[in-house]
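> work00.cif (mmCIF, C-alpha atoms and all ligand atoms) pasted underneath:
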data_start
#
loop_
_atom_site.label_atom_id
_atom_site.label_comp_id
_atom_site.auth_asym_id
_atom_site.auth_seq_id
_atom_site.Cartn_x
_atom_site.Cartn_y
_atom_site.Cartn_z
CA MET A 1 -44.41 20.78 4.56
CA PRO A 2 -42.39 22.62 1.91
CA GLY A 3 -41.69 20.81 -1.34
CA THR A 4 -44.48 18.26 -1.05
CA ARG A 5 -46.48 19.98 -3.78
CA ALA A 6 -43.54 20.45 -6.16
CA PRO A 7 -43.90 18.70 -9.54
CA ARG A 8 -43.08 15.04 -9.09
CA ARG A 9 -39.88 13.87 -10.77
CA PRO A 10 -40.37 10.14 -10.31
CA PHE A 11 -37.35 9.15 -12.45
CA SER A 12 -34.91 11.38 -10.58
CA GLY A 13 -31.45 9.85 -10.38
CA ARG A 14 -32.31 7.14 -12.93
CA ARG A 15 -30.60 6.62 -16.30
CA VAL A 16 -32.52 5.62 -19.37
CA VAL A 17 -31.04 4.68 -22.72
CA LEU A 18 -33.54 5.71 -25.40
CA GLY A 19 -32.87 3.83 -28.65
CA VAL A 20 -34.41 5.40 -31.73
CA THR A 21 -34.57 3.50 -35.02
CA GLY A 22 -35.62 4.44 -38.53
CA GLY A 23 -39.38 4.69 -38.68
CA ILE A 24 -41.63 7.67 -39.08
CA ALA A 25 -42.69 7.29 -35.43
CA ALA A 26 -39.20 8.64 -34.62
CA TYR A 27 -40.87 12.06 -34.47
CA LYS A 28 -42.73 10.86 -31.35
CA ALA A 29 -39.42 9.76 -29.80
CA VAL A 30 -38.54 13.46 -29.59
CA ALA A 31 -41.51 14.10 -27.27
CA LEU A 32 -40.67 10.93 -25.36
CA ALA A 33 -37.08 12.14 -24.74
CA ARG A 34 -38.52 15.33 -23.32
CA GLU A 35 -41.08 13.53 -21.13
CA LEU A 36 -38.42 11.21 -19.72
CA THR A 37 -36.17 14.19 -18.99
CA LEU A 38 -38.99 16.15 -17.34
CA ALA A 39 -39.71 13.08 -15.19
CA GLY A 40 -36.16 13.47 -13.87
CA ALA A 41 -34.27 10.80 -15.86
CA ALA A 42 -30.84 11.29 -17.41
CA VAL A 43 -31.60 10.22 -20.98
CA ASP A 44 -28.88 8.85 -23.26
CA VAL A 45 -30.27 8.79 -26.78
CA VAL A 46 -28.83 6.27 -29.25
CA LEU A 47 -29.86 6.73 -32.89
CA SER A 48 -29.54 4.05 -35.55
CA GLN A 49 -28.43 4.97 -39.09
CA GLY A 50 -32.05 4.68 -40.20
CA ALA A 51 -33.21 7.07 -37.46
CA LEU A 52 -30.87 9.76 -38.84
CA GLU A 53 -33.06 9.88 -41.97
CA PHE A 54 -35.96 11.11 -39.81
CA VAL A 55 -34.51 13.00 -36.81
CA ARG A 56 -31.22 14.66 -35.87
CA PRO A 57 -29.06 14.12 -32.75
CA LEU A 58 -29.13 17.88 -32.10
CA THR A 59 -32.89 17.76 -31.51
CA PHE A 60 -32.43 15.23 -28.71
CA GLU A 61 -29.37 16.98 -27.28
CA ALA A 62 -31.34 20.21 -26.90
CA LEU A 63 -34.10 18.36 -25.02
CA THR A 64 -32.04 16.03 -22.84
CA GLY A 65 -29.02 18.25 -22.20
CA ARG A 66 -26.80 15.25 -22.97
CA PRO A 67 -24.92 14.00 -26.04
CA ALA A 68 -26.93 11.82 -28.42
CA HIS A 69 -24.94 8.90 -29.77
CA THR A 70 -24.84 7.36 -33.24
CA SER A 71 -21.64 5.38 -33.65
CA LEU A 72 -20.38 2.09 -32.26
CA TYR A 73 -16.86 3.41 -32.74
CA PRO A 74 -16.78 7.05 -31.66
CA PRO A 75 -13.23 8.43 -31.77
CA GLY A 76 -11.50 7.91 -28.43
CA ASP A 77 -14.41 6.02 -26.83
CA PRO A 78 -14.37 2.42 -28.07
CA LEU A 79 -16.32 1.09 -25.07
CA LEU A 80 -19.24 3.51 -25.27
CA HIS A 81 -21.73 0.63 -25.72
CA ILE A 82 -20.45 -1.11 -22.58
CA ARG A 83 -20.65 2.08 -20.54
CA LEU A 84 -24.17 2.92 -21.75
CA ALA A 85 -25.29 -0.66 -21.09
CA ARG A 86 -23.80 -0.78 -17.61
CA ASP A 87 -25.05 2.62 -16.45
CA ALA A 88 -28.61 2.18 -17.73
CA ASP A 89 -31.45 1.51 -15.29
CA ALA A 90 -33.70 0.80 -18.29
CA VAL A 91 -33.39 0.69 -22.06
CA VAL A 92 -36.36 1.85 -24.12
CA VAL A 93 -36.39 1.40 -27.90
CA ALA A 94 -38.99 3.65 -29.52
CA PRO A 95 -39.65 3.25 -32.33
CA ALA A 96 -38.44 -0.33 -32.71
CA THR A 97 -38.62 -1.11 -36.43
CA ALA A 98 -39.05 -4.59 -37.92
CA ASN A 99 -35.35 -4.44 -38.80
CA LEU A 100 -34.29 -3.63 -35.22
CA LEU A 101 -36.50 -6.43 -33.87
CA ALA A 102 -34.92 -8.90 -36.31
CA ARG A 103 -31.38 -7.87 -35.41
CA ALA A 104 -32.06 -7.90 -31.67
CA ALA A 105 -33.82 -11.29 -31.88
CA ALA A 106 -30.77 -12.70 -33.68
CA GLY A 107 -28.46 -11.31 -30.98
CA MET A 108 -26.59 -9.14 -33.48
CA ALA A 109 -24.36 -6.30 -32.33
CA ASP A 110 -23.65 -4.47 -35.58
CA ASP A 111 -24.43 -0.95 -34.38
CA LEU A 112 -24.35 1.01 -31.12
CA LEU A 113 -27.95 0.24 -30.17
CA THR A 114 -27.87 -3.53 -30.75
CA ALA A 115 -24.45 -3.78 -29.06
CA THR A 116 -25.86 -1.88 -26.06
CA LEU A 117 -28.88 -4.21 -25.95
CA LEU A 118 -26.59 -7.22 -25.92
CA ALA A 119 -24.36 -5.79 -23.19
CA THR A 120 -27.02 -4.57 -20.77
CA GLU A 121 -28.58 -6.30 -17.81
CA ALA A 122 -31.16 -3.52 -17.39
CA PRO A 123 -34.82 -4.13 -18.24
CA VAL A 124 -35.58 -3.51 -21.91
CA VAL A 125 -38.83 -2.08 -23.31
CA LEU A 126 -39.38 -2.40 -27.06
CA CYS A 127 -42.04 -0.25 -28.72
CA PRO A 128 -42.69 -1.70 -32.19
CA ALA A 129 -43.72 0.65 -34.99
CA MET A 130 -44.20 -0.42 -38.56
CA ASN A 131 -46.62 -0.96 -41.39
CA ASN A 132 -49.40 -3.42 -40.47
CA ARG A 133 -48.33 -5.99 -43.10
CA MET A 134 -44.73 -5.92 -41.84
CA TYR A 135 -46.07 -6.39 -38.31
CA ALA A 136 -48.27 -9.32 -39.38
CA HIS A 137 -45.42 -11.08 -41.24
CA PRO A 138 -44.51 -14.45 -39.69
CA ALA A 139 -40.85 -13.38 -39.48
CA THR A 140 -41.75 -10.36 -37.33
CA ARG A 141 -44.17 -12.42 -35.23
CA SER A 142 -41.51 -14.99 -34.46
CA ASN A 143 -38.91 -12.29 -33.74
CA LEU A 144 -41.28 -10.70 -31.22
CA HIS A 145 -41.95 -14.08 -29.67
CA ARG A 146 -38.20 -14.69 -29.32
CA LEU A 147 -37.62 -11.22 -27.82
CA GLN A 148 -40.30 -11.84 -25.20
CA GLU A 149 -38.69 -15.20 -24.41
CA ILE A 150 -35.42 -13.37 -23.81
CA GLY A 151 -37.28 -11.31 -21.23
CA TYR A 152 -37.74 -8.07 -23.14
CA HIS A 153 -41.00 -6.26 -22.55
CA VAL A 154 -42.89 -5.48 -25.75
CA ALA A 155 -45.14 -2.42 -25.38
CA GLY A 156 -47.68 -2.05 -28.16
CA PRO A 157 -48.12 -1.56 -31.01
CA ALA A 158 -51.50 0.14 -30.99
CA VAL A 159 -54.18 -0.07 -33.65
CA GLY A 160 -54.68 3.26 -35.37
CA PRO A 161 -53.74 5.50 -38.28
CA LEU A 162 -50.35 4.55 -39.78
CA ALA A 163 -48.08 6.68 -41.99
CA TRP A 164 -49.69 8.85 -44.69
CA GLY A 165 -51.65 6.78 -47.20
CA GLU A 166 -51.22 3.58 -45.19
CA GLY A 167 -54.65 3.51 -43.57
CA GLU A 168 -55.22 2.03 -40.16
CA GLY A 169 -53.93 -1.12 -38.53
CA PRO A 170 -51.90 -2.66 -35.78
CA GLY A 171 -48.38 -1.27 -36.09
CA ARG A 172 -48.77 2.26 -34.76
CA MET A 173 -46.31 3.11 -31.98
CA LEU A 174 -47.74 3.84 -28.52
CA GLU A 175 -47.97 7.51 -27.57
CA PRO A 176 -45.13 9.08 -25.53
CA ASP A 177 -47.17 9.24 -22.29
CA GLU A 178 -48.00 5.53 -22.59
CA ILE A 179 -44.34 4.65 -23.22
CA LEU A 180 -43.41 6.79 -20.23
CA ALA A 181 -45.66 4.60 -18.06
CA HIS A 182 -43.98 1.45 -19.43
CA ALA A 183 -40.56 2.99 -18.72
CA GLY A 184 -41.76 3.70 -15.17
CA ARG A 185 -42.73 0.07 -14.70
CA ALA A 186 -39.35 -1.09 -16.04
CA LEU A 187 -37.53 1.30 -13.69
CA GLU A 188 -39.39 -0.04 -10.65
CA GLY A 189 -37.67 -3.42 -11.08
CA ARG A 190 -39.05 -6.30 -9.02
CA THR A 191 -41.24 -5.11 -6.15
CA PRO A 192 -43.23 -7.26 -3.69
CA LEU A 193 -46.31 -6.39 -5.79
CA ALA A 194 -44.85 -7.88 -8.98
CA GLY A 195 -47.17 -10.56 -10.33
CA ARG A 196 -49.79 -9.89 -7.61
CA ARG A 197 -53.40 -9.31 -8.53
CA VAL A 198 -54.62 -5.96 -7.24
CA VAL A 199 -58.26 -4.85 -7.41
CA VAL A 200 -58.96 -1.14 -6.97
CA THR A 201 -62.36 0.55 -6.87
CA ALA A 202 -62.75 4.22 -7.73
CA GLY A 203 -65.22 6.98 -8.40
CA PRO A 204 -68.80 7.58 -7.36
CA THR A 205 -71.82 5.38 -7.90
CA ARG A 206 -75.11 6.48 -9.46
CA GLU A 207 -78.38 5.26 -8.01
CA PRO A 208 -81.29 5.79 -10.41
CA ILE A 209 -84.29 7.93 -9.45
CA ASP A 210 -85.91 7.45 -12.85
CA ALA A 211 -84.78 6.74 -16.42
CA VAL A 212 -82.63 9.91 -16.58
CA ARG A 213 -81.93 11.08 -13.03
CA TYR A 214 -79.75 9.65 -10.31
CA VAL A 215 -78.43 10.19 -6.81
CA GLY A 216 -74.63 10.54 -6.93
CA ASN A 217 -71.72 12.23 -5.23
CA ARG A 218 -68.80 14.45 -6.13
CA SER A 219 -66.06 11.80 -6.25
CA SER A 220 -63.90 12.22 -9.38
CA GLY A 221 -62.14 8.86 -9.09
CA ARG A 222 -58.68 10.49 -8.99
CA MET A 223 -57.43 8.79 -5.83
CA GLY A 224 -58.36 5.27 -6.98
CA TYR A 225 -57.03 5.84 -10.52
CA GLN A 226 -53.69 6.93 -9.01
CA VAL A 227 -53.56 3.81 -6.83
CA ALA A 228 -54.31 1.61 -9.86
CA ALA A 229 -51.59 3.31 -11.96
CA ALA A 230 -49.03 3.03 -9.14
CA ALA A 231 -49.84 -0.65 -8.51
CA TRP A 232 -49.38 -1.45 -12.22
CA ARG A 233 -46.11 0.48 -12.25
CA ARG A 234 -44.94 -1.73 -9.37
CA GLY A 235 -45.54 -4.82 -11.50
CA ALA A 236 -49.01 -5.86 -10.34
CA GLU A 237 -51.80 -7.11 -12.57
CA VAL A 238 -54.49 -4.52 -11.87
CA LEU A 239 -58.28 -4.50 -12.24
CA LEU A 240 -59.91 -1.11 -11.72
CA VAL A 241 -63.63 -1.28 -10.95
CA SER A 242 -64.71 2.25 -11.73
CA GLY A 243 -67.91 4.14 -11.20
CA PRO A 244 -68.66 6.92 -13.73
CA SER A 245 -65.49 9.01 -14.20
CA HIS A 246 -64.06 11.14 -16.99
CA LEU A 247 -60.50 10.06 -16.24
CA PRO A 248 -58.61 8.11 -18.92
CA ALA A 249 -57.88 4.43 -18.19
CA PRO A 250 -54.43 4.14 -16.59
CA VAL A 251 -51.89 2.46 -18.89
CA GLY A 252 -51.75 -1.31 -18.48
CA VAL A 253 -54.78 -1.46 -16.18
CA GLU A 254 -57.92 -3.46 -16.98
CA VAL A 255 -60.96 -1.26 -16.34
CA ARG A 256 -64.45 -2.55 -15.54
CA LYS A 257 -67.03 0.23 -15.60
CA VAL A 258 -70.00 0.03 -13.26
CA GLU A 259 -72.79 2.46 -12.32
CA SER A 260 -74.61 1.51 -9.14
CA ALA A 261 -73.48 0.29 -5.72
CA GLU A 262 -75.05 -3.07 -6.54
CA GLU A 263 -73.02 -3.37 -9.77
CA MET A 264 -69.89 -2.44 -7.82
CA ARG A 265 -70.65 -5.08 -5.20
CA ALA A 266 -71.09 -7.74 -7.88
CA ALA A 267 -67.84 -6.76 -9.67
CA VAL A 268 -65.86 -6.79 -6.41
CA ALA A 269 -67.39 -10.13 -5.32
CA ASP A 270 -66.43 -11.56 -8.70
CA ALA A 271 -62.83 -10.33 -8.53
CA LEU A 272 -62.02 -10.98 -4.86
CA PRO A 273 -61.42 -14.76 -4.89
CA THR A 274 -58.27 -14.26 -7.01
CA ALA A 275 -57.16 -10.93 -5.56
CA ASP A 276 -54.07 -10.47 -3.39
CA VAL A 277 -55.05 -6.88 -2.60
CA LEU A 278 -58.29 -4.87 -2.61
CA VAL A 279 -58.11 -1.09 -2.37
CA MET A 280 -61.64 0.20 -1.92
CA ALA A 281 -61.27 3.87 -2.86
CA ALA A 282 -64.75 4.25 -4.40
CA ALA A 283 -67.28 6.59 -2.83
CA VAL A 284 -70.13 4.11 -2.78
CA ALA A 285 -73.63 5.47 -2.20
CA ASP A 286 -75.06 4.40 1.15
CA PHE A 287 -78.68 4.93 0.08
CA ARG A 288 -80.61 4.50 -3.15
CA PRO A 289 -84.16 5.30 -4.25
CA SER A 290 -86.21 2.28 -3.29
CA THR A 291 -88.49 2.30 -6.33
CA PRO A 292 -86.79 3.99 -9.31
CA ALA A 293 -89.30 4.97 -11.99
CA GLU A 294 -88.84 3.25 -15.34
CA GLN A 295 -89.86 6.37 -17.28
CA LYS A 296 -88.81 9.95 -16.71
CA ILE A 297 -90.92 11.46 -13.90
CA LYS A 298 -92.99 14.28 -15.47
CA LYS A 299 -93.79 17.61 -13.82
CA GLU A 300 -97.47 17.17 -14.62
CA SER A 301 -97.64 13.80 -12.90
CA GLY A 302 -98.77 15.23 -9.57
CA GLY A 303 -96.65 17.75 -7.69
CA VAL A 304 -93.15 17.31 -6.26
CA PRO A 305 -92.18 13.64 -6.06
CA ARG A 306 -91.17 12.17 -2.71
CA ILE A 307 -88.12 9.98 -3.16
CA GLU A 308 -87.92 7.21 -0.64
CA LEU A 309 -84.48 5.79 0.03
CA GLU A 310 -83.28 2.39 1.15
CA PRO A 311 -79.79 1.31 2.18
CA THR A 312 -77.39 -0.15 -0.40
CA ALA A 313 -75.20 -3.11 0.44
CA ASP A 314 -71.93 -2.17 2.12
CA VAL A 315 -69.53 -3.56 -0.48
CA LEU A 316 -66.70 -4.27 1.97
CA ARG A 317 -68.93 -6.06 4.45
CA ALA A 318 -71.04 -7.89 1.85
CA THR A 319 -68.02 -9.35 0.07
CA ARG A 320 -66.07 -10.37 3.17
CA ASP A 321 -66.55 -14.09 2.60
CA ALA A 322 -65.20 -13.84 -0.95
CA ARG A 323 -61.76 -12.63 0.25
CA ARG A 324 -58.77 -14.89 -0.24
CA ALA A 325 -57.05 -15.92 2.96
CA GLY A 326 -54.04 -13.66 3.47
CA SER A 327 -55.19 -10.94 1.08
CA VAL A 328 -54.66 -7.30 2.08
CA ILE A 329 -57.79 -5.14 2.27
CA VAL A 330 -57.59 -1.35 2.25
CA GLY A 331 -60.53 0.97 2.85
CA PHE A 332 -60.97 4.73 2.63
CA ALA A 333 -63.04 6.87 4.94
CA LEU A 334 -64.25 10.36 4.30
CA GLU A 335 -65.10 12.08 7.55
CA THR A 336 -66.15 15.56 8.57
CA ALA A 337 -65.74 15.18 12.34
CA ASP A 338 -63.76 12.92 14.74
CA ALA A 339 -61.97 11.49 11.71
CA VAL A 340 -59.47 9.19 13.43
CA GLU A 341 -61.89 7.92 16.07
CA ASN A 342 -64.52 7.04 13.45
CA GLY A 343 -61.78 5.59 11.26
CA ARG A 344 -60.58 3.16 13.94
CA ARG A 345 -64.17 1.91 14.25
CA LYS A 346 -64.44 1.36 10.48
CA LEU A 347 -61.05 -0.44 10.38
CA GLU A 348 -62.35 -3.05 12.76
CA GLY A 349 -65.99 -3.16 11.71
CA LYS A 350 -65.18 -3.70 8.02
CA GLY A 351 -62.31 -6.15 8.65
CA LEU A 352 -59.62 -3.98 7.06
CA ASP A 353 -55.84 -4.18 7.22
CA LEU A 354 -55.41 -0.50 6.46
CA LEU A 355 -57.73 2.50 6.44
CA VAL A 356 -56.97 5.77 4.70
CA VAL A 357 -58.83 8.57 6.42
CA ASN A 358 -59.56 11.89 4.75
CA ASP A 359 -61.00 14.79 6.65
CA ALA A 360 -63.21 16.49 4.07
CA THR A 361 -63.05 19.76 5.99
CA GLU A 362 -59.25 20.06 5.51
CA PRO A 363 -58.18 22.38 2.67
CA GLY A 364 -56.68 20.45 -0.25
CA ALA A 365 -58.24 17.13 0.81
CA GLY A 366 -61.18 15.13 -0.52
CA PHE A 367 -63.04 15.28 -3.81
CA GLU A 368 -62.18 17.03 -7.09
CA VAL A 369 -58.65 18.12 -6.10
CA GLU A 370 -55.22 16.80 -7.13
CA THR A 371 -53.94 16.74 -3.56
CA ASN A 372 -54.90 14.92 -0.41
CA ARG A 373 -54.11 15.02 3.29
CA VAL A 374 -54.72 11.65 4.90
CA VAL A 375 -54.11 9.67 8.07
CA LEU A 376 -53.16 6.00 7.73
CA LEU A 377 -54.68 3.68 10.33
CA GLN A 378 -53.45 0.14 10.70
CA ALA A 379 -54.30 -2.40 13.38
CA GLY A 380 -51.58 -2.53 16.02
CA GLN A 381 -49.75 0.49 14.58
CA PRO A 382 -49.79 4.15 15.63
CA ASP A 383 -51.74 6.57 13.41
CA GLN A 384 -49.63 8.15 10.66
CA ALA A 385 -50.74 11.62 9.58
CA LEU A 386 -49.22 12.37 6.17
CA PRO A 387 -48.59 15.95 5.06
CA LEU A 388 -50.57 17.51 2.21
CA MET A 389 -49.30 15.81 -0.93
CA SER A 390 -50.34 14.87 -4.47
CA LYS A 391 -52.76 11.95 -4.81
CA ALA A 392 -49.98 10.14 -6.70
CA GLY A 393 -47.79 10.58 -3.61
CA VAL A 394 -50.56 9.28 -1.34
CA ALA A 395 -50.98 6.26 -3.65
CA ASP A 396 -47.30 5.41 -3.19
CA GLN A 397 -47.53 5.71 0.59
CA ILE A 398 -50.52 3.37 0.64
CA LEU A 399 -48.79 0.81 -1.58
CA ASP A 400 -45.64 0.93 0.57
CA ARG A 401 -47.85 -0.09 3.52
CA VAL A 402 -49.57 -2.77 1.42
CA GLN A 403 -46.20 -4.22 0.43
CA GLY A 404 -45.25 -4.41 4.11
CA LEU A 405 -48.44 -6.34 4.83
CA LEU A 406 -48.07 -8.73 1.89
CA PRO A 407 -45.24 -11.16 2.68
CA ALA A 408 -47.56 -13.47 4.63
CA ALA A 409 -49.68 -13.91 1.50
CA GLU A 410 -48.88 -16.12 -1.47
CA PRO A 411 -49.65 -14.67 -4.94
CA ALA A 412 -53.14 -15.58 -6.14
CA ALA A 413 -53.30 -18.62 -8.41
N1 LIG B 501 -68.00 1.39 1.36
C1 LIG B 501 -68.53 0.24 0.84
N2 LIG B 501 -69.86 0.16 0.59
C2 LIG B 501 -70.69 1.19 0.88
C3 LIG B 501 -70.16 2.36 1.45
C4 LIG B 501 -68.80 2.45 1.67
O1 LIG B 501 -67.77 -0.71 0.61
N3 LIG B 501 -71.98 1.05 0.61
C5 LIG B 501 -66.54 1.45 1.59
C6 LIG B 501 -65.88 2.65 0.95
O2 LIG B 501 -65.44 2.37 -0.36
C7 LIG B 501 -64.71 2.90 1.87
C8 LIG B 501 -65.22 2.44 3.24
O3 LIG B 501 -66.32 1.60 2.96
O4 LIG B 501 -63.58 2.12 1.55
C9 LIG B 501 -65.68 3.56 4.12
O5 LIG B 501 -66.59 4.39 3.45
P1 LIG B 501 -67.35 5.57 4.18
O6 LIG B 501 -68.32 6.19 3.25
O7 LIG B 501 -66.33 6.47 4.85
O8 LIG B 501 -68.06 4.79 5.38
P2 LIG B 501 -69.51 4.29 5.59
O9 LIG B 501 -69.42 2.86 6.02
O10 LIG B 501 -70.36 4.58 4.43
O11 LIG B 501 -69.93 5.12 6.87
P3 LIG B 501 -70.48 6.65 7.00
O12 LIG B 501 -70.86 7.08 5.62
O13 LIG B 501 -71.62 6.51 7.92
O14 LIG B 501 -69.33 7.42 7.58
#
Re-express the file's structure as structure tokens.
Ligand code: CTP


Amino acid sequence: MPGTRAPRRPFSGRRVVLGVTGGIAAYKAVALARELTLAGAAVDVVLSQGALEFVRPLTFEALTGRPAHTSLYPPGDPLLHIRLARDADAVVVAPATANLLARAAAGMADDLLTATLLATEAPVVLCPAMNNRMYAHPATRSNLHRLQEIGYHVAGPAVGPLAWGEGEGPGRMLEPDEILAHAGRALEGRTPLAGRRVVVTAGPTREPIDAVRYVGNRSSGRMGYQVAAAAWRRGAEVLLVSGPSHLPAPVGVEVRKVESAEEMRAAVADALPTADVLVMAAAVADFRPSTPAEQKIKKESGGVPRIELEPTADVLRATRDARRAGSVIVGFALETADAVENGRRKLEGKGLDLLVVNDATEPGAGFEVETNRVVLLQAGQPDQALPLMSKAGVADQILDRVQGLLPAAEPAA
């Protein structure tokens, strides 16, 4: 299908006000304005007087293709703040200095940005950036507390190197790609997944042969990591149980790393009683060496070793009793022949609400690629073969189905 592999512009048609205040992290706001624009958003940049000491409106205008604003009273446009506030789907303030936080917490409206904050009903994301002592000050702490009470979302700060000569500490602004993820979550608004607890498994497992060798598979973890990121973006609280993978932890997602099928079973069993949704995207080994050697097997130790295998626990079946009543359980199946027929059997046999079937023989599907071509199988529903699309796109299709299955379930306690 044409267009399905085009770069995703998830914020297409959305308007974001990007407030920039006077901290050195303002240089990162430039990259953020570009990222938001590339994601498809129309970005209205509002700079405080302090921000103008660090960055210029022209820089943002060249990247967003839109005017950048600085004045509460621009000639001929006295209601600019009302218009910006009304048209915004989200307001992101990055960097948010201690001064901005204090003014916003007090409900002041003495410049364009604070007036816009007061006038908007859109979700607000504040990204604090300041020296660690300013961040630790009781006045800043109580301002942040108040802002969260108001319903603003505070993203960061991170711990890391501060401005030159300032050492390390909490106070460093999040990176543009992290803020982009927070903006994405704000733009989603309230979805049926908001506040739900979603557990996702991803990646391969490793079953030890000896102290250094293992039996594994080629799963990269991409599909599960995309599902975890998309579920968080939709407002869920997400735990990602991940086998070995080089992928970075998705923003906002709690990651529990495991190695073997047995460790994955234990982590899933532990998480299931409070989960509203389980998406089992991991490629769990079906067999493991029955007697792994404690030391490295040496060449001299007597010819070619014979490795005897035994079955691992099937995680989905073994943890069935730990499921919450009403939770939604999604499995994946990788097949090389009779994909849909085998899939229907797995759907029933493993007690699943939804099964995502990949045919590993299809080009662009399966392991180590960014795309996937899947068929969705659901009890009582016709098969749905999706076109070749990005794994992020597949994640969204899966979560749309999950949301449709959820209403019967109450959020986990
Ligand atoms: N799965 C699991 N525990 C295992 C193996 C698989 O929980 N030990 C899960 C996978 O995470 C996936 C689903 O079961 O969600 C189907 O996995 P798949 O490998 O396709 O099926 P198997 O049951 O292993 O059957 P086969 O390999 O014979 O096709």

> Within 12 Å of (-31.0, 18.9, -21.8), all atoms listed in the file: residues as a PDB file with C-alpha atoms, keeping the file's coordinate frame?


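Saved to out06.pdb:
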ATOM      1  CA  ALA A  33     -37.080  12.140 -24.740  1.00  0.00           C
ATOM      2  CA  ARG A  34     -38.520  15.330 -23.320  1.00  0.00           C
ATOM      3  CA  GLU A  35     -41.080  13.530 -21.130  1.00  0.00           C
ATOM      4  CA  LEU A  36     -38.420  11.210 -19.720  1.00  0.00           C
ATOM      5  CA  THR A  37     -36.170  14.190 -18.990  1.00  0.00           C
ATOM      6  CA  LEU A  38     -38.990  16.150 -17.340  1.00  0.00           C
ATOM      7  CA  GLY A  40     -36.160  13.470 -13.870  1.00  0.00           C
ATOM      8  CA  ALA A  41     -34.270  10.800 -15.860  1.00  0.00           C
ATOM      9  CA  ALA A  42     -30.840  11.290 -17.410  1.00  0.00           C
ATOM     10  CA  VAL A  43     -31.600  10.220 -20.980  1.00  0.00           C
ATOM     11  CA  ASP A  44     -28.880   8.850 -23.260  1.00  0.00           C
ATOM     12  CA  VAL A  45     -30.270   8.790 -26.780  1.00  0.00           C
ATOM     13  CA  LEU A  58     -29.130  17.880 -32.100  1.00  0.00           C
ATOM     14  CA  THR A  59     -32.890  17.760 -31.510  1.00  0.00           C
ATOM     15  CA  PHE A  60     -32.430  15.230 -28.710  1.00  0.00           C
ATOM     16  CA  GLU A  61     -29.370  16.980 -27.280  1.00  0.00           C
ATOM     17  CA  ALA A  62     -31.340  20.210 -26.900  1.00  0.00           C
ATOM     18  CA  LEU A  63     -34.100  18.360 -25.020  1.00  0.00           C
ATOM     19  CA  THR A  64     -32.040  16.030 -22.840  1.00  0.00           C
ATOM     20  CA  GLY A  65     -29.020  18.250 -22.200  1.00  0.00           C
ATOM     21  CA  ARG A  66     -26.800  15.250 -22.970  1.00  0.00           C
ATOM     22  CA  PRO A  67     -24.920  14.000 -26.040  1.00  0.00           C
ATOM     23  CA  ALA A  68     -26.930  11.820 -28.420  1.00  0.00           C
TER      24      ALA A  68
END

> What do you get as JSON, numbers by chain if you pick all residues at most 10 Å from ligand LIG 501 (chain B), counting all atoms listed in the file?

{"A": [200, 201, 202, 203, 204, 205, 261, 262, 264, 265, 268, 278, 279, 280, 281, 282, 283, 284, 285, 286, 287, 311, 312, 313, 314, 315, 316, 317, 318, 319, 329, 330, 331, 332, 333, 334, 335, 336, 337, 339, 342, 343, 345, 346, 347, 349, 350, 352, 354, 355, 356, 357, 358]}

> Between atom CA of A:Met108 and atom CA of A:Leu147, what is the distance in Å, rounded to a tenth?

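Result for atom CA of A:Met108 versus atom CA of A:Leu147: 12.6 Å, one decimal.
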
> Go through A:Leu162, A:Ala122, A:Gly169, A:His145 and flag the residue nearest A:Arg190, using all atoms listed in the file for the distances.

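Result for the nearest residue to A:Arg190: A:Ala122.
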
> Residues at most 10 Å from A:Leu405, counting only C-alpha atoms, excluding those fewer than 6 positions away in the same chain, as a ChimeraX atom specification?

/A:277,326-329,353-354,399

> Could you give me, as a list in words, the residues within 8 Å of stretch 101-103 of chain A, counting only C-alpha atoms and dropping anything in the same chain fewer than 5 positions from it?

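Answer for this query is Ala96, Met108, Ala109, Thr114, Pro128, Thr140, Asn143, Leu144 and Leu147 of chain A.
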
> Tell me which of A:Ala51, A:Ala267, A:Leu388, A:Leu32 sits closest to A:His182, counting only C-alpha atoms.

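Distance minimum relative to A:His182 lands on A:Leu32.
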
> Residues within 8 Å of A:Ala183, please, as a PyMOL selection string. Count all atoms listed in the file; anything in the same chain fewer than 5 positions from it doesn't count.

chain A and resi 90+92+125

> Nearest to A:Gly404 among A:Gly184, A:Thr191, A:Val340, A:Gly167, with distances taken over all atoms listed in the file: which residue is it?

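Looking only at the distances to A:Gly404, the closest residue turns out to be A:Thr191.
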